[in-house]
>>> print(open('coords11.txt').read())   # compact mmCIF, C-alpha atoms
# COMPACT_ATOMS: atom_id res chain seq x y z
CA LEU A 1 0.00 0.00 0.00
CA GLU A 2 1.25 3.46 -0.89
CA ILE A 3 -0.12 6.97 -0.40
CA TRP A 4 0.96 9.70 -2.82
CA LYS A 5 0.30 13.45 -2.70
CA THR A 6 -0.57 14.22 -6.31
CA ARG A 7 -1.09 17.56 -8.03
CA TYR A 8 -4.35 18.11 -9.92
CA ILE A 9 -5.70 21.08 -11.84
CA ASN A 10 -9.35 21.85 -11.08
CA PRO A 11 -11.03 21.91 -14.53
CA GLU A 12 -13.69 24.37 -13.38
CA THR A 13 -11.43 26.98 -11.79
CA GLY A 14 -7.99 26.16 -13.20
CA ASP A 15 -6.63 26.19 -9.64
CA GLU A 16 -3.92 23.80 -8.56
CA GLU A 17 -4.99 21.24 -5.93
CA PHE A 18 -3.27 18.41 -4.14
CA ARG A 19 -5.06 15.14 -3.41
CA GLU A 20 -4.07 11.88 -1.85
CA ARG A 21 -3.86 8.88 -4.15
CA TYR A 22 -3.95 5.45 -2.48
CA ILE A 23 -2.28 2.67 -4.46
CA LYS A 24 -2.36 -1.08 -3.74
CA LEU A 25 -0.49 -3.64 -5.85
CA PHE A 26 -1.58 -7.27 -6.13
CA LYS A 27 0.84 -9.87 -7.50
CA PHE A 28 -0.84 -12.60 -9.54
CA LYS A 29 -0.13 -14.23 -12.87
CA TYR A 30 -1.18 -10.85 -14.28
CA ASP A 31 -0.48 -8.02 -11.81
CA LEU A 32 -3.36 -5.83 -10.64
CA MET A 33 -3.25 -2.28 -9.33
CA ALA A 34 -6.05 -0.55 -7.41
CA VAL A 35 -5.99 3.26 -7.17
CA VAL A 36 -8.38 5.19 -4.93
CA ARG A 37 -8.63 8.97 -4.99
CA ILE A 38 -10.62 11.06 -2.52
CA ASN A 39 -12.25 13.93 -4.41
CA THR A 40 -12.72 17.40 -2.94
CA ASP A 41 -16.46 16.74 -2.45
CA GLY A 42 -15.68 13.61 -0.39
CA SER A 43 -16.60 11.11 -3.10
CA LEU A 44 -14.22 8.31 -4.08
CA LEU A 45 -12.85 7.35 -7.46
CA TRP A 46 -11.83 3.66 -7.71
CA ASN A 47 -9.77 2.45 -10.63
CA LEU A 48 -8.53 -1.13 -11.14
CA MET A 49 -5.85 -1.80 -13.74
CA ASN A 50 -4.27 -4.95 -15.06
CA ARG A 51 -0.82 -4.24 -16.47
CA ASP A 52 2.80 -5.22 -16.13
CA THR A 53 4.87 -3.86 -13.26
CA LYS A 54 6.80 -1.40 -15.45
CA GLY A 55 3.55 0.22 -16.58
CA MET A 56 2.39 0.60 -12.99
CA ASN A 57 5.42 2.67 -12.05
CA SER A 58 4.25 5.50 -14.33
CA LEU A 59 1.18 5.97 -12.08
CA ARG A 60 3.32 6.78 -9.05
CA VAL A 61 3.20 10.56 -9.44
CA GLY A 62 3.88 13.25 -6.87
CA GLU A 63 5.32 13.02 -3.38
CA VAL A 64 5.19 9.70 -1.56
CA LEU A 65 3.61 10.20 1.86
CA TRP A 66 3.65 6.61 3.09
CA LYS A 67 4.69 3.13 1.96
CA GLY A 68 3.53 0.06 3.83
CA TYR A 69 6.37 -2.25 2.85
>>> encode(input="coords11.txt", output="structure tokens")
Amino acid sequence: LEIWKTRYINPETGDEEFRERYIKLFKFKYDLMAVVRINTDGSLLWNLMNRDTKGMNSLRVGEVLWKGY
């Protein structure tokens, strides 16, 4: 499990915002990555991706706040 502080641009205002992105990697025959983002209104965005490990590294953007391993 990892938590990243990631920069976003608000499409409505153009203002820069920072949000936490929670990433969990699952090792199987085909690796799986789950990303959860908490939006400014409190809602959650869940995204599950199946890709190789090299492709997952490109989603680690921003400042790492915590790593659980």
>>> atom_distance(input="coords11.txt", atom1="CA of Asp52 in chain A", atom2="CA of Glu2 in chain A")
17.6 Å
>>> closest_residue(input="coords11.txt", among="A:Thr6, A:Ser58, A:Asn50, A:Thr40", to="Arg21 in chain A", atoms="only C-alpha atoms")
A:Thr6
>>> closest_residue(input="coords11.txt", among="A:Trp4, A:Phe26, A:Trp46, A:Phe18", to="Arg60 in chain A", atoms="all atoms listed in the file")
A:Trp4
>>> atom_distance(input="coords11.txt", atom1="CA of Ser43 in chain A", atom2="CA of Tyr22 in chain A")
13.9 Å
>>> residues_around(input="coords11.txt", residues="Met49 in chain A", least_positions_apart="2", cutoff="8 Å", atoms="all atoms listed in the file", output="number ranges by chain")
A: 32-34, 47, 51
>>> closest_residue(input="coords11.txt", among="A:Val35, A:Leu48, A:Thr53, A:Glu63", to="Arg7 in chain A", atoms="all atoms listed in the file")
A:Glu63
>>> atom_distance(input="coords11.txt", atom1="CA of Val61 in chain A", atom2="CA of Leu45 in chain A")
16.5 Å
>>> closest_residue(input="coords11.txt", among="A:Gly68, A:Arg19, A:Met56, A:Gly14", to="Val36 in chain A", atoms="all atoms listed in the file")
A:Arg19
>>> closest_residue(input="coords11.txt", among="A:Leu59, A:Lys54, A:Trp66, A:Glu20", to="Lys5 in chain A", atoms="all atoms listed in the file")
A:Glu20
>>> build_atoms(input="coords11.txt", residues="range 20-35 of chain A", atoms="N, CA, C and O atoms", output="mmCIF file, in the frame of the given file")
data_model
loop_
_atom_site.group_PDB
_atom_site.id
_atom_site.type_symbol
_atom_site.label_atom_id
_atom_site.label_comp_id
_atom_site.auth_asym_id
_atom_site.auth_seq_id
_atom_site.Cartn_x
_atom_site.Cartn_y
_atom_site.Cartn_z
ATOM 1 N N GLU A 20 -4.749 13.120 -2.179
ATOM 2 C CA GLU A 20 -4.070 11.880 -1.850
ATOM 3 C C GLU A 20 -4.531 10.778 -2.789
ATOM 4 O O GLU A 20 -5.719 10.640 -3.072
ATOM 5 N N ARG A 21 -3.582 10.021 -3.278
ATOM 6 C CA ARG A 21 -3.860 8.880 -4.150
ATOM 7 C C ARG A 21 -3.367 7.638 -3.424
ATOM 8 O O ARG A 21 -2.205 7.536 -3.053
ATOM 9 N N TYR A 22 -4.262 6.696 -3.189
ATOM 10 C CA TYR A 22 -3.950 5.450 -2.480
ATOM 11 C C TYR A 22 -3.754 4.356 -3.522
ATOM 12 O O TYR A 22 -4.632 4.137 -4.362
ATOM 13 N N ILE A 23 -2.619 3.684 -3.467
ATOM 14 C CA ILE A 23 -2.280 2.670 -4.460
ATOM 15 C C ILE A 23 -2.009 1.339 -3.753
ATOM 16 O O ILE A 23 -1.279 1.298 -2.764
ATOM 17 N N LYS A 24 -2.593 0.274 -4.254
ATOM 18 C CA LYS A 24 -2.360 -1.080 -3.740
ATOM 19 C C LYS A 24 -2.014 -1.976 -4.921
ATOM 20 O O LYS A 24 -2.722 -1.982 -5.928
ATOM 21 N N LEU A 25 -0.919 -2.717 -4.810
ATOM 22 C CA LEU A 25 -0.490 -3.640 -5.850
ATOM 23 C C LEU A 25 -0.808 -5.068 -5.425
ATOM 24 O O LEU A 25 -0.601 -5.434 -4.272
ATOM 25 N N PHE A 26 -1.284 -5.858 -6.367
ATOM 26 C CA PHE A 26 -1.580 -7.270 -6.130
ATOM 27 C C PHE A 26 -0.772 -8.080 -7.134
ATOM 28 O O PHE A 26 -0.853 -7.834 -8.339
ATOM 29 N N LYS A 27 0.007 -9.041 -6.646
ATOM 30 C CA LYS A 27 0.840 -9.870 -7.500
ATOM 31 C C LYS A 27 0.123 -11.184 -7.798
ATOM 32 O O LYS A 27 -0.143 -11.962 -6.899
ATOM 33 N N PHE A 28 -0.224 -11.373 -9.051
ATOM 34 C CA PHE A 28 -0.840 -12.600 -9.540
ATOM 35 C C PHE A 28 -0.116 -12.986 -10.822
ATOM 36 O O PHE A 28 0.926 -12.403 -11.155
ATOM 37 N N LYS A 29 -0.685 -13.910 -11.550
ATOM 38 C CA LYS A 29 -0.130 -14.230 -12.870
ATOM 39 C C LYS A 29 -0.075 -12.962 -13.706
ATOM 40 O O LYS A 29 0.905 -12.683 -14.380
ATOM 41 N N TYR A 30 -1.139 -12.177 -13.659
ATOM 42 C CA TYR A 30 -1.180 -10.850 -14.280
ATOM 43 C C TYR A 30 -1.386 -9.862 -13.141
ATOM 44 O O TYR A 30 -2.380 -9.935 -12.426
ATOM 45 N N ASP A 31 -0.439 -8.948 -12.944
ATOM 46 C CA ASP A 31 -0.480 -8.020 -11.810
ATOM 47 C C ASP A 31 -1.693 -7.100 -11.903
ATOM 48 O O ASP A 31 -2.169 -6.763 -12.985
ATOM 49 N N LEU A 32 -2.184 -6.696 -10.742
ATOM 50 C CA LEU A 32 -3.360 -5.830 -10.640
ATOM 51 C C LEU A 32 -3.020 -4.656 -9.740
ATOM 52 O O LEU A 32 -2.361 -4.825 -8.719
ATOM 53 N N MET A 33 -3.459 -3.483 -10.125
ATOM 54 C CA MET A 33 -3.250 -2.280 -9.330
ATOM 55 C C MET A 33 -4.602 -1.639 -9.059
ATOM 56 O O MET A 33 -5.415 -1.490 -9.966
ATOM 57 N N ALA A 34 -4.836 -1.280 -7.798
ATOM 58 C CA ALA A 34 -6.050 -0.550 -7.410
ATOM 59 C C ALA A 34 -5.624 0.847 -6.966
ATOM 60 O O ALA A 34 -4.712 0.992 -6.155
ATOM 61 N N VAL A 35 -6.264 1.867 -7.523
ATOM 62 C CA VAL A 35 -5.990 3.260 -7.170
ATOM 63 C C VAL A 35 -7.284 3.872 -6.665
ATOM 64 O O VAL A 35 -8.325 3.760 -7.319
#
